[in-house]
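Engineer: Structure: target-v2.txt, compact mmCIF, C-alpha atoms.
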```
# COMPACT_ATOMS: atom_id res chain seq x y z
CA MET A 1 -32.26 0.94 -28.77
CA LYS A 2 -29.41 2.16 -26.57
CA ASP A 3 -31.37 5.30 -25.64
CA ALA A 4 -34.27 3.11 -24.56
CA SER A 5 -31.99 0.89 -22.45
CA ILE A 6 -30.47 3.89 -20.65
CA ASP A 7 -33.96 5.28 -20.05
CA ASP A 8 -34.98 1.93 -18.60
CA LEU A 9 -31.88 1.86 -16.45
CA ILE A 10 -32.61 5.35 -15.08
CA GLU A 11 -36.20 4.33 -14.31
CA GLY A 12 -34.98 1.18 -12.58
CA LEU A 13 -32.38 3.00 -10.48
CA ALA A 14 -34.84 5.73 -9.51
CA GLY A 15 -37.43 3.07 -8.61
CA GLU A 16 -35.12 1.34 -6.17
CA LEU A 17 -33.79 4.50 -4.51
CA THR A 18 -33.88 4.54 -0.74
CA PRO A 19 -32.54 7.28 1.53
CA VAL A 20 -28.81 6.98 2.20
CA ARG A 21 -26.81 8.30 5.11
CA PRO A 22 -23.96 10.40 3.70
CA ARG A 23 -20.62 9.11 4.83
CA ARG A 24 -18.73 11.45 7.16
CA ILE A 25 -15.01 11.40 7.78
CA LEU A 26 -15.70 11.94 11.47
CA ARG A 27 -17.47 8.58 11.66
CA GLY A 28 -14.57 6.88 9.87
CA SER A 29 -12.15 8.55 12.31
CA LEU A 30 -14.09 7.04 15.21
CA TRP A 31 -13.78 3.58 13.66
CA VAL A 32 -10.02 4.10 13.35
CA ALA A 33 -9.75 5.33 16.94
CA ALA A 34 -11.65 2.24 18.08
CA GLY A 35 -9.30 0.05 16.01
CA TRP A 36 -6.25 1.67 17.60
CA LEU A 37 -7.67 1.30 21.12
CA ALA A 38 -8.51 -2.36 20.44
CA GLY A 39 -4.96 -3.06 19.22
CA ALA A 40 -3.38 -1.13 22.11
CA GLY A 41 -5.67 -2.74 24.68
CA MET A 42 -4.87 -6.22 23.42
CA LEU A 43 -1.07 -5.77 23.29
CA LEU A 44 -0.77 -3.97 26.60
CA TRP A 45 -3.11 -6.44 28.30
CA LEU A 46 -1.02 -9.37 27.04
CA TYR A 47 2.49 -7.93 27.47
CA GLY A 48 2.17 -4.90 29.73
CA MET A 49 3.13 -1.27 29.40
CA ARG A 50 6.62 0.18 29.76
CA HIS A 51 6.95 1.72 33.19
CA ASP A 52 8.32 5.16 32.28
CA LEU A 53 5.36 6.56 30.31
CA ALA A 54 4.59 9.26 32.87
CA PRO A 55 5.53 12.81 31.72
CA GLY A 56 9.28 13.23 31.83
CA GLY A 57 9.90 9.53 32.18
CA MET A 58 10.47 8.52 28.58
CA PRO A 59 13.87 9.39 27.06
CA PRO A 60 13.68 12.27 24.55
CA LEU A 61 14.83 10.14 21.62
CA SER A 62 12.13 7.53 22.14
CA MET A 63 9.56 10.27 22.61
CA LEU A 64 10.64 11.94 19.37
CA ALA A 65 10.52 8.65 17.45
CA PHE A 66 7.08 7.93 18.89
CA TRP A 67 5.63 11.24 17.73
CA LEU A 68 7.31 11.00 14.32
CA ILE A 69 5.76 7.59 13.74
CA ALA A 70 2.44 8.78 15.17
CA ALA A 71 2.44 11.73 12.75
CA THR A 72 2.99 9.34 9.85
CA GLY A 73 0.12 7.18 11.06
CA VAL A 74 -2.23 10.15 11.45
CA ALA A 75 -1.32 11.54 8.00
CA ALA A 76 -1.79 8.15 6.33
CA THR A 77 -5.08 7.59 8.15
CA TRP A 78 -6.35 11.02 7.12
CA SER A 79 -5.38 10.38 3.49
CA ALA A 80 -7.09 6.98 3.51
CA LEU A 81 -10.28 8.42 4.99
CA ARG A 82 -10.36 11.14 2.32
CA MET A 83 -9.84 8.55 -0.43
CA GLY A 84 -13.23 7.07 0.47
CA LEU A 85 -14.98 10.25 -0.66
CA PRO A 86 -13.74 10.81 -4.21
CA GLY A 87 -13.44 14.01 -6.19
CA VAL A 88 -11.26 15.06 -9.10
CA GLY A 89 -8.65 17.52 -7.90
CA ARG A 90 -8.66 16.41 -4.26
CA ASP A 91 -5.24 16.12 -2.68
CA TYR A 92 -4.48 12.83 -0.91
CA SER A 93 -0.73 13.30 -0.66
CA GLY A 94 -0.30 14.30 3.00
CA TRP A 95 0.91 10.81 3.94
CA ARG A 96 3.87 11.12 1.58
CA TRP A 97 5.32 14.12 3.44
CA ALA A 98 4.87 12.51 6.83
CA GLY A 99 6.40 9.30 5.46
CA LEU A 100 9.38 11.24 4.15
CA ALA A 101 9.82 12.91 7.55
CA ALA A 102 9.73 9.47 9.19
CA LEU A 103 12.62 8.40 6.96
CA SER A 104 14.80 10.55 9.20
CA LEU A 105 14.69 7.67 11.70
CA PRO A 106 16.43 5.04 9.53
CA LEU A 107 18.79 7.69 8.16
CA ALA A 108 19.81 8.73 11.65
CA ALA A 109 20.13 5.06 12.63
CA LEU A 110 22.38 4.47 9.65
CA VAL A 111 24.67 7.33 10.65
CA VAL A 112 24.79 6.07 14.24
CA GLY A 113 25.43 2.52 13.02
CA LEU A 114 28.30 3.62 10.77
CA GLY A 115 29.89 5.40 13.73
CA ASP A 116 29.59 2.43 16.08
CA SER A 117 29.21 -0.77 14.09
CA HIS A 118 29.64 -3.01 17.14
CA ALA A 119 26.65 -1.41 18.91
CA ALA A 120 24.67 -1.56 15.67
CA MET A 121 25.28 -5.28 15.24
CA GLU A 122 24.35 -5.86 18.84
CA ALA A 123 21.08 -3.92 18.45
CA MET A 124 20.20 -5.87 15.32
CA GLN A 125 20.88 -9.23 16.93
CA ARG A 126 18.88 -8.73 20.12
CA GLY A 127 16.36 -11.55 20.27
CA TYR A 128 13.28 -9.42 20.90
CA GLY A 129 13.67 -7.38 17.71
CA PRO A 130 11.60 -9.73 15.52
CA ARG A 131 9.04 -9.94 18.33
CA CYS A 132 8.63 -6.14 18.20
CA LEU A 133 8.18 -6.40 14.45
CA LEU A 134 5.47 -9.05 14.79
CA GLN A 135 3.73 -7.21 17.62
CA GLY A 136 3.78 -3.98 15.63
CA ALA A 137 2.28 -5.59 12.55
CA LEU A 138 -0.43 -7.39 14.55
CA SER A 139 -1.28 -4.41 16.77
CA GLY A 140 -2.05 -2.32 13.69
CA LEU A 141 -4.62 -4.78 12.39
CA GLY A 142 -7.46 -2.96 14.17
CA VAL A 143 -6.67 0.30 12.39
CA GLY A 144 -6.10 -1.56 9.13
CA ALA A 145 -9.48 -3.32 9.41
CA ALA A 146 -11.27 -0.05 10.20
CA LEU A 147 -9.73 1.72 7.20
CA PHE A 148 -10.37 -1.24 4.93
CA ALA A 149 -14.04 -1.33 5.96
CA TRP A 150 -14.31 2.44 5.39
CA LEU A 151 -12.76 2.28 1.93
CA LYS A 152 -14.60 -0.87 0.93
CA ALA A 153 -17.86 0.95 1.49
CA GLY A 154 -16.45 4.13 -0.04
CA ALA A 155 -15.24 4.82 -3.55
CA PRO A 156 -11.43 4.84 -3.72
CA THR A 157 -10.49 5.74 -7.27
CA SER A 158 -6.95 4.42 -6.96
CA PRO A 159 -7.14 1.04 -5.20
CA ALA A 160 -3.38 0.50 -5.51
CA ARG A 161 -2.58 3.72 -3.67
CA ALA A 162 -5.34 3.01 -1.15
CA GLY A 163 -3.77 -0.38 -0.40
CA TRP A 164 -0.37 1.22 0.28
CA VAL A 165 -1.84 3.91 2.50
CA ILE A 166 -4.00 1.55 4.56
CA GLY A 167 -0.95 -0.65 5.13
CA LEU A 168 1.22 2.30 6.11
CA ALA A 169 -1.42 3.66 8.48
CA ALA A 170 -1.87 0.23 10.08
CA GLY A 171 1.90 -0.31 10.41
CA ALA A 172 2.51 3.14 11.89
CA SER A 173 -0.37 2.66 14.33
CA GLY A 174 1.04 -0.71 15.35
CA ALA A 175 4.49 0.85 15.82
CA THR A 176 3.06 3.50 18.15
CA ILE A 177 1.36 0.77 20.18
CA VAL A 178 4.58 -1.27 20.43
CA ALA A 179 6.39 1.86 21.57
CA LEU A 180 4.11 1.90 24.63
CA HIS A 181 5.32 -1.59 25.50
CA CYS A 182 8.91 -1.92 24.23
CA ALA A 183 11.47 -0.52 26.68
CA ASP A 184 14.39 -0.49 24.23
CA ASP A 185 15.29 3.16 23.60
CA GLY A 186 18.01 2.47 21.05
CA LEU A 187 17.65 4.39 17.81
CA ILE A 188 18.77 1.43 15.71
CA HIS A 189 16.27 -0.90 17.36
CA ILE A 190 13.38 1.55 16.87
CA ALA A 191 14.30 2.40 13.28
CA LEU A 192 14.91 -1.20 12.28
CA TRP A 193 12.27 -3.30 14.01
CA HIS A 194 9.51 -0.76 14.63
CA GLY A 195 10.12 0.85 11.24
CA LEU A 196 10.09 -2.52 9.50
CA ALA A 197 6.57 -3.12 10.83
CA MET A 198 5.48 -0.04 8.88
CA VAL A 199 7.25 -1.07 5.70
CA LEU A 200 5.98 -4.65 5.75
CA SER A 201 2.44 -3.56 6.57
CA ALA A 202 2.48 -1.12 3.64
CA ILE A 203 3.68 -3.87 1.28
CA ALA A 204 1.04 -6.27 2.63
CA GLY A 205 -1.65 -3.61 2.12
CA ARG A 206 -0.61 -3.12 -1.48
CA LEU A 207 -0.45 -6.85 -2.20
CA PHE A 208 -3.52 -8.13 -0.39
CA LEU A 209 -5.95 -5.22 -0.09
CA THR A 210 -5.70 -3.62 -3.52
CA PRO A 211 -7.61 -6.38 -5.37
CA LEU A 212 -10.31 -6.30 -2.69
CA LEU A 213 -10.77 -2.54 -2.99
CA ARG A 214 -11.71 -2.54 -6.66
CA TRP A 215 -15.38 -1.72 -7.29
CA MET B 1 -32.68 22.40 -18.47
CA SER B 2 -29.04 23.42 -18.24
CA ILE B 3 -26.59 21.26 -16.32
CA ASP B 4 -25.12 23.50 -13.67
CA GLU B 5 -23.34 22.68 -10.45
CA PRO B 6 -25.82 24.24 -7.96
CA SER B 7 -28.81 22.47 -9.57
CA LEU B 8 -27.00 19.14 -9.62
CA ALA B 9 -25.91 19.55 -6.00
CA ARG B 10 -29.50 20.31 -4.96
CA LEU B 11 -30.83 17.31 -6.86
CA MET B 12 -28.15 15.08 -5.35
CA ALA B 13 -28.89 16.25 -1.81
CA ALA B 14 -32.59 15.50 -2.39
CA SER B 15 -31.67 12.11 -3.88
CA GLN B 16 -29.67 11.20 -0.79
CA ARG B 17 -32.85 11.89 1.21
CA GLY B 18 -34.73 9.43 -1.02
CA ASP B 19 -36.55 11.83 -3.41
CA ARG B 20 -37.09 9.68 -6.52
CA THR B 21 -38.30 12.50 -8.73
CA ALA B 22 -35.16 14.50 -8.01
CA TYR B 23 -33.06 11.39 -8.56
CA ARG B 24 -34.65 10.68 -11.93
CA ALA B 25 -33.90 14.26 -13.01
CA LEU B 26 -30.35 13.99 -11.64
CA LEU B 27 -29.65 10.76 -13.51
CA GLY B 28 -30.96 12.34 -16.72
CA ASP B 29 -28.66 15.32 -16.33
CA CYS B 30 -25.73 13.11 -15.39
CA ARG B 31 -26.34 10.99 -18.46
CA LYS B 32 -25.99 14.06 -20.73
CA TRP B 33 -22.88 15.19 -18.89
CA LEU B 34 -21.33 11.74 -19.08
CA GLU B 35 -22.06 11.37 -22.78
CA ARG B 36 -20.09 14.55 -23.41
CA TYR B 37 -17.37 13.52 -20.97
CA PHE B 38 -16.77 10.16 -22.61
CA ALA B 39 -17.18 11.41 -26.18
CA ARG B 40 -13.57 12.55 -26.35
CA ARG B 41 -12.18 9.65 -24.42
CA ILE B 42 -13.43 6.45 -25.98
CA ALA B 43 -14.74 5.06 -29.26
CA PRO B 44 -18.38 6.07 -29.93
CA HIS B 45 -19.84 2.57 -29.83
CA GLN B 46 -18.60 2.16 -26.22
CA ILE B 47 -20.03 5.40 -24.87
CA ASP B 48 -23.50 4.11 -24.00
CA ASP B 49 -22.13 1.11 -22.13
CA LEU B 50 -19.74 3.31 -20.19
CA VAL B 51 -22.49 5.81 -19.35
CA GLN B 52 -24.65 2.98 -18.03
CA GLU B 53 -21.81 1.50 -15.98
CA THR B 54 -21.07 4.92 -14.50
CA LEU B 55 -24.72 5.55 -13.60
CA VAL B 56 -24.85 2.18 -11.83
CA SER B 57 -21.59 2.95 -9.97
CA MET B 58 -22.95 6.35 -9.02
CA HIS B 59 -26.09 4.67 -7.68
CA ARG B 60 -24.04 2.21 -5.61
CA LYS B 61 -21.80 4.93 -4.20
CA LEU B 62 -24.47 7.56 -3.58
CA ALA B 63 -23.51 7.91 0.08
CA THR B 64 -19.92 8.92 -0.76
CA TRP B 65 -20.89 12.40 -1.96
CA ASP B 66 -20.22 14.98 0.70
CA SER B 67 -22.81 17.77 0.45
CA THR B 68 -20.25 20.34 1.60
CA ARG B 69 -18.29 19.71 -1.63
CA ALA B 70 -19.04 20.26 -5.30
CA PHE B 71 -20.96 17.57 -7.16
CA LEU B 72 -19.27 17.53 -10.57
CA PRO B 73 -15.77 16.63 -9.30
CA TRP B 74 -17.39 13.70 -7.49
CA LEU B 75 -19.18 12.56 -10.64
CA ALA B 76 -16.01 13.09 -12.69
CA ALA B 77 -14.00 10.94 -10.25
CA ILE B 78 -16.46 8.07 -10.65
CA ALA B 79 -16.57 8.54 -14.44
CA ARG B 80 -12.77 8.54 -14.58
CA TYR B 81 -12.61 5.36 -12.53
CA ARG B 82 -15.03 3.60 -14.89
CA TRP B 83 -13.08 4.95 -17.85
CA ILE B 84 -9.80 3.55 -16.48
CA ASP B 85 -11.58 0.25 -15.94
CA ALA B 86 -12.73 0.28 -19.58
CA LEU B 87 -9.20 1.09 -20.74
CA ARG B 88 -7.88 -1.82 -18.71
CA ARG B 89 -10.46 -4.16 -20.19
CA GLN B 90 -9.52 -3.00 -23.68
CA ARG B 91 -5.88 -3.61 -22.90
CA ASP B 92 -6.52 -7.01 -21.37
CA GLU B 93 -8.89 -8.19 -24.06
CA ALA B 94 -6.84 -6.61 -26.85
CA GLU B 95 -9.96 -5.31 -28.53
CA LEU B 96 -8.10 -3.53 -31.27
CA GLY B 97 -9.15 -2.33 -34.69
CA ASP B 98 -12.55 -0.72 -34.06
CA ASN B 99 -13.66 1.47 -36.92
CA ASP B 100 -15.73 4.33 -35.54
CA ALA B 101 -15.46 8.06 -35.73
CA ALA B 102 -15.51 10.03 -32.49
CA VAL B 103 -17.67 13.10 -31.99
CA GLY B 104 -16.63 16.42 -30.46
CA ALA B 105 -17.54 17.58 -26.99
CA GLU B 106 -17.62 20.88 -25.15
CA ASP B 107 -14.81 21.62 -22.78
CA GLU B 108 -15.68 22.29 -19.19
CA ALA B 109 -13.57 23.07 -16.17
CA VAL B 110 -13.69 19.54 -14.82
CA HIS B 111 -13.09 18.04 -18.25
CA ALA B 112 -10.06 20.26 -18.74
CA ARG B 113 -8.43 18.90 -15.62
CA LEU B 114 -8.27 15.47 -17.21
CA SER B 115 -7.98 16.61 -20.80
CA ILE B 116 -7.05 13.75 -23.04
CA ASP B 117 -4.86 16.15 -25.01
CA HIS B 118 -2.89 16.94 -21.87
CA LEU B 119 -2.54 13.27 -20.99
CA MET B 120 -1.36 12.44 -24.49
CA THR B 121 1.52 14.90 -24.16
CA LEU B 122 2.77 12.78 -21.26
CA LEU B 123 3.03 9.64 -23.41
CA PRO B 124 5.84 8.85 -25.87
CA PRO B 125 4.77 10.31 -29.26
CA LYS B 126 4.41 6.96 -31.05
CA GLN B 127 2.15 5.55 -28.31
CA ALA B 128 0.06 8.73 -28.25
CA GLN B 129 -0.33 8.67 -32.03
CA ALA B 130 -1.38 5.01 -32.10
CA ILE B 131 -3.95 5.50 -29.33
CA THR B 132 -5.32 8.68 -30.88
CA LEU B 133 -5.73 7.08 -34.29
CA VAL B 134 -7.24 3.76 -33.21
CA LYS B 135 -8.93 4.36 -29.89
CA ILE B 136 -10.18 7.93 -30.26
CA GLU B 137 -10.50 8.57 -34.00
CA GLY B 138 -11.59 5.01 -34.73
CA ALA B 139 -9.06 4.08 -37.43
CA SER B 140 -8.33 0.42 -38.05
CA ILE B 141 -4.95 -1.08 -37.14
CA ALA B 142 -4.07 -1.29 -40.84
CA GLU B 143 -4.93 2.37 -41.42
CA ALA B 144 -3.01 3.44 -38.32
CA SER B 145 -0.06 1.38 -39.49
CA ARG B 146 -0.01 3.19 -42.84
CA ILE B 147 -0.39 6.64 -41.25
CA CYS B 148 2.25 6.05 -38.54
CA GLY B 149 4.68 4.22 -40.78
CA GLN B 150 4.88 1.41 -38.19
CA SER B 151 4.14 -2.27 -38.62
CA GLU B 152 0.70 -3.44 -37.45
CA SER B 153 2.17 -5.40 -34.59
CA LEU B 154 4.14 -2.35 -33.45
CA VAL B 155 0.95 -0.27 -33.50
CA LYS B 156 -0.70 -2.88 -31.28
CA VAL B 157 2.26 -2.92 -28.91
CA ASN B 158 2.26 0.88 -28.73
CA ILE B 159 -1.46 0.91 -27.97
CA HIS B 160 -1.03 -1.74 -25.29
CA ARG B 161 1.85 0.07 -23.59
CA GLY B 162 0.25 3.48 -24.04
CA LEU B 163 -3.05 2.43 -22.48
CA LYS B 164 -1.21 0.92 -19.53
CA LYS B 165 0.73 4.13 -18.97
CA LEU B 166 -2.39 6.24 -19.53
CA ALA B 167 -4.25 4.36 -16.80
CA GLU B 168 -1.35 4.98 -14.40
CA LEU B 169 -1.24 8.67 -15.30
CA ILE B 170 -4.97 9.13 -14.81
CA GLU B 171 -4.87 7.46 -11.41
CA SER B 172 -2.11 9.78 -10.29
CA GLU B 173 -3.99 12.96 -11.35
```
Using structure tokens, write down the structure that the file contains.

Structural biologist:
Amino acid sequence: MKDASIDDLIEGLAGELTPVRPRRILRGSLWVAAGWLAGAGMLLWLYGMRHDLAPGGMPPLSMLAFWLIAATGVAATWSALRMGLPGVGRDYSGWRWAGLAALSLPLAALVVGLGDSHAAMEAMQRGYGPRCLLQGALSGLGVGAALFAWLKAGAPTSPARAGWVIGLAAGASGATIVALHCADDGLIHIALWHGLAMVLSAIAGRLFLTPLLRW
Amino acid sequence: MSIDEPSLARLMAASQRGDRTAYRALLGDCRKWLERYFARRIAPHQIDDLVQETLVSMHRKLATWDSTRAFLPWLAAIARYRWIDALRRQRDEAELGDNDAAVGAEDEAVHARLSIDHLMTLLPPKQAQAITLVKIEGASIAEASRICGQSESLVKVNIHRGLKKLAELIESE
């Protein structure tokens, strides 16, 4: 009886087969790039770009933080794209190393803050900090949507991890976009408000996207 | 016909192009492979359902196989996902006490990577014993309770906790 039902199933599946276009990571990468450009275009159109982006204009610390966050975003994006094409034994852990490297920002901010608590309190209380956080989270939505669409059509075998990684990639992308607008070069401001956008996005990805990624 | 990686990859590539004959042959081979894969992982009466669910998932996710990569790890990833899903359903529905005997299966390279024996070593011994007795060997809760020297409710708790941890372990492999 069971044998017959599996035979019927195989016949049915074969009967409804149509050619499929294999999914390519390159195509997913283009979606993500489009999502980043859409987020950047929107934020910079609404709020403008910082004026010292020309080579040599940006202070070294801000430049370093930008590239550290960008590396985290790229690593998380790459991991998320690979998760859409499953395979036992494939390694999706690149985002963890980049994320660990990015932790150097809050650690350094903590050390700086302990050395000069007055400056730290001042940096934390500046009114535009929460605005940077909100802008970062919203600017990453384009990348988050692109990755979600890619994984929804793909076959992520760990939806919980996929939710975290999409959120982290979206938050890091948003933080890089905010860095093109925000003119505050303080380490504590960048680590706290730009970094918090990454953390909150990752938590939101885990909470809201994971159930939607099950298949 | 033997089930080997190059043949499966060729059939899959043809299936992605819409070749129904190749696809029918591929599904037949995958069915045999999946029956062996699940034989050591779940009670015998659930194998057919799980094979069917996996074939349907494979059909839905046909485009996610990358022809530059091996086929069997792709199939194993989908099978593992469906297996975890079945474990979760068992846990959630508390379907305990099935009385079936499992059959043996050949070991293969991909199977070995997710060997149930290996995974069991990562669980606390009492949870591993309860799962092995009830979920893999098909003993009843009462029999498992006698063999383990635990109360029936403790056997159920150990199975519940063990399956939860097992699902987490498999996802992290």

Engineer: Give me the residues within 8 Å of stretch 97-107 of chain A as a list of chain:residue names, counting all atoms listed in the file and dropping any in the same chain fewer than 5 places off.

Structural biologist: A:Ala65, A:Leu68, A:Ile69, A:Ala71, A:Thr72, A:Ala75, A:Ala76, A:Leu187, A:Ile188, A:Ala191, A:Leu192, A:Gly195

Engineer: I need the residue nearest B:Asp29 from this list: B:Gln52, B:Ser145, B:Ser7, B:Thr121. Use only C-alpha atoms for the distance.

Structural biologist: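 Using only C-alpha atoms, B:Asp29 sits closest to B:Ser7.
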
Engineer: Could you list, as a compact mmCIF listing (two decimals) with C-alpha atoms, keeping the file's coordinate frame, the residues of chain A having an atom within 10 Å of chain B when counting all atoms listed in the file?

Structural biologist:
```txt
# COMPACT_ATOMS: atom_id res chain seq x y z
CA LYS A 2 -29.41 2.16 -26.57
CA ASP A 3 -31.37 5.30 -25.64
CA SER A 5 -31.99 0.89 -22.45
CA ILE A 6 -30.47 3.89 -20.65
CA ASP A 7 -33.96 5.28 -20.05
CA LEU A 9 -31.88 1.86 -16.45
CA ILE A 10 -32.61 5.35 -15.08
CA GLU A 11 -36.20 4.33 -14.31
CA GLY A 12 -34.98 1.18 -12.58
CA LEU A 13 -32.38 3.00 -10.48
CA ALA A 14 -34.84 5.73 -9.51
CA GLY A 15 -37.43 3.07 -8.61
CA GLU A 16 -35.12 1.34 -6.17
CA LEU A 17 -33.79 4.50 -4.51
CA THR A 18 -33.88 4.54 -0.74
CA PRO A 19 -32.54 7.28 1.53
CA VAL A 20 -28.81 6.98 2.20
CA ARG A 21 -26.81 8.30 5.11
CA PRO A 22 -23.96 10.40 3.70
CA ARG A 23 -20.62 9.11 4.83
CA ARG A 24 -18.73 11.45 7.16
CA ILE A 25 -15.01 11.40 7.78
CA GLY A 84 -13.23 7.07 0.47
CA LEU A 85 -14.98 10.25 -0.66
CA PRO A 86 -13.74 10.81 -4.21
CA GLY A 87 -13.44 14.01 -6.19
CA VAL A 88 -11.26 15.06 -9.10
CA GLY A 89 -8.65 17.52 -7.90
CA ARG A 90 -8.66 16.41 -4.26
CA ASP A 91 -5.24 16.12 -2.68
CA ALA A 153 -17.86 0.95 1.49
CA GLY A 154 -16.45 4.13 -0.04
CA ALA A 155 -15.24 4.82 -3.55
CA PRO A 156 -11.43 4.84 -3.72
CA THR A 157 -10.49 5.74 -7.27
CA SER A 158 -6.95 4.42 -6.96
CA PRO A 159 -7.14 1.04 -5.20
CA ALA A 160 -3.38 0.50 -5.51
CA ARG A 161 -2.58 3.72 -3.67
CA ARG A 214 -11.71 -2.54 -6.66
CA TRP A 215 -15.38 -1.72 -7.29
```

Engineer: Contacts of stretch 164-174 of chain A at 8 Å or less, counting all atoms listed in the file, minus same-chain residues fewer than 3 places along, as a PyMOL selection string?

Structural biologist: chain A and resi 36+39+69-70+72-77+79-80+95+135-144+147-148+160-161+177-178+195+197-206

Engineer: Can you pull out the residues contacting B:Leu123? Cut-off 8 Å, using all atoms listed in the file, and skip same-chain residues under 3 positions away; I want them as a VMD selection string.

Structural biologist: chain B and resid 119 to 120 127 to 128 162 165 to 166

Engineer: If you measure from atom CA of A:Arg126 to atom CA of A:Arg50, what distance in Å do you get, rounded to one decimal?

Structural biologist: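 These atoms are spaced 18.0 Å apart.
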
Engineer: Which residues come within 9 Å of stretch 147-150 of chain B, counting only C-alpha atoms, excluding same-chain residues fewer than 2 positions away, as a compact mmCIF listing (two decimals) with C-alpha atoms, in the frame of the given file?

Structural biologist:
```txt
# COMPACT_ATOMS: atom_id res chain seq x y z
CA LYS B 126 4.41 6.96 -31.05
CA GLN B 129 -0.33 8.67 -32.03
CA ALA B 130 -1.38 5.01 -32.10
CA LEU B 133 -5.73 7.08 -34.29
CA ALA B 142 -4.07 -1.29 -40.84
CA GLU B 143 -4.93 2.37 -41.42
CA ALA B 144 -3.01 3.44 -38.32
CA SER B 145 -0.06 1.38 -39.49
CA GLU B 152 0.70 -3.44 -37.45
CA SER B 153 2.17 -5.40 -34.59
CA LEU B 154 4.14 -2.35 -33.45
CA VAL B 155 0.95 -0.27 -33.50
```

Engineer: Of the candidates A:Tyr47, A:Leu207, A:Asp52, A:Ser93, which one gets nearest to A:Cys132 if we count all atoms listed in the file?

Structural biologist: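 Answer, going by the shortest atom-to-atom distance: A:Tyr47.
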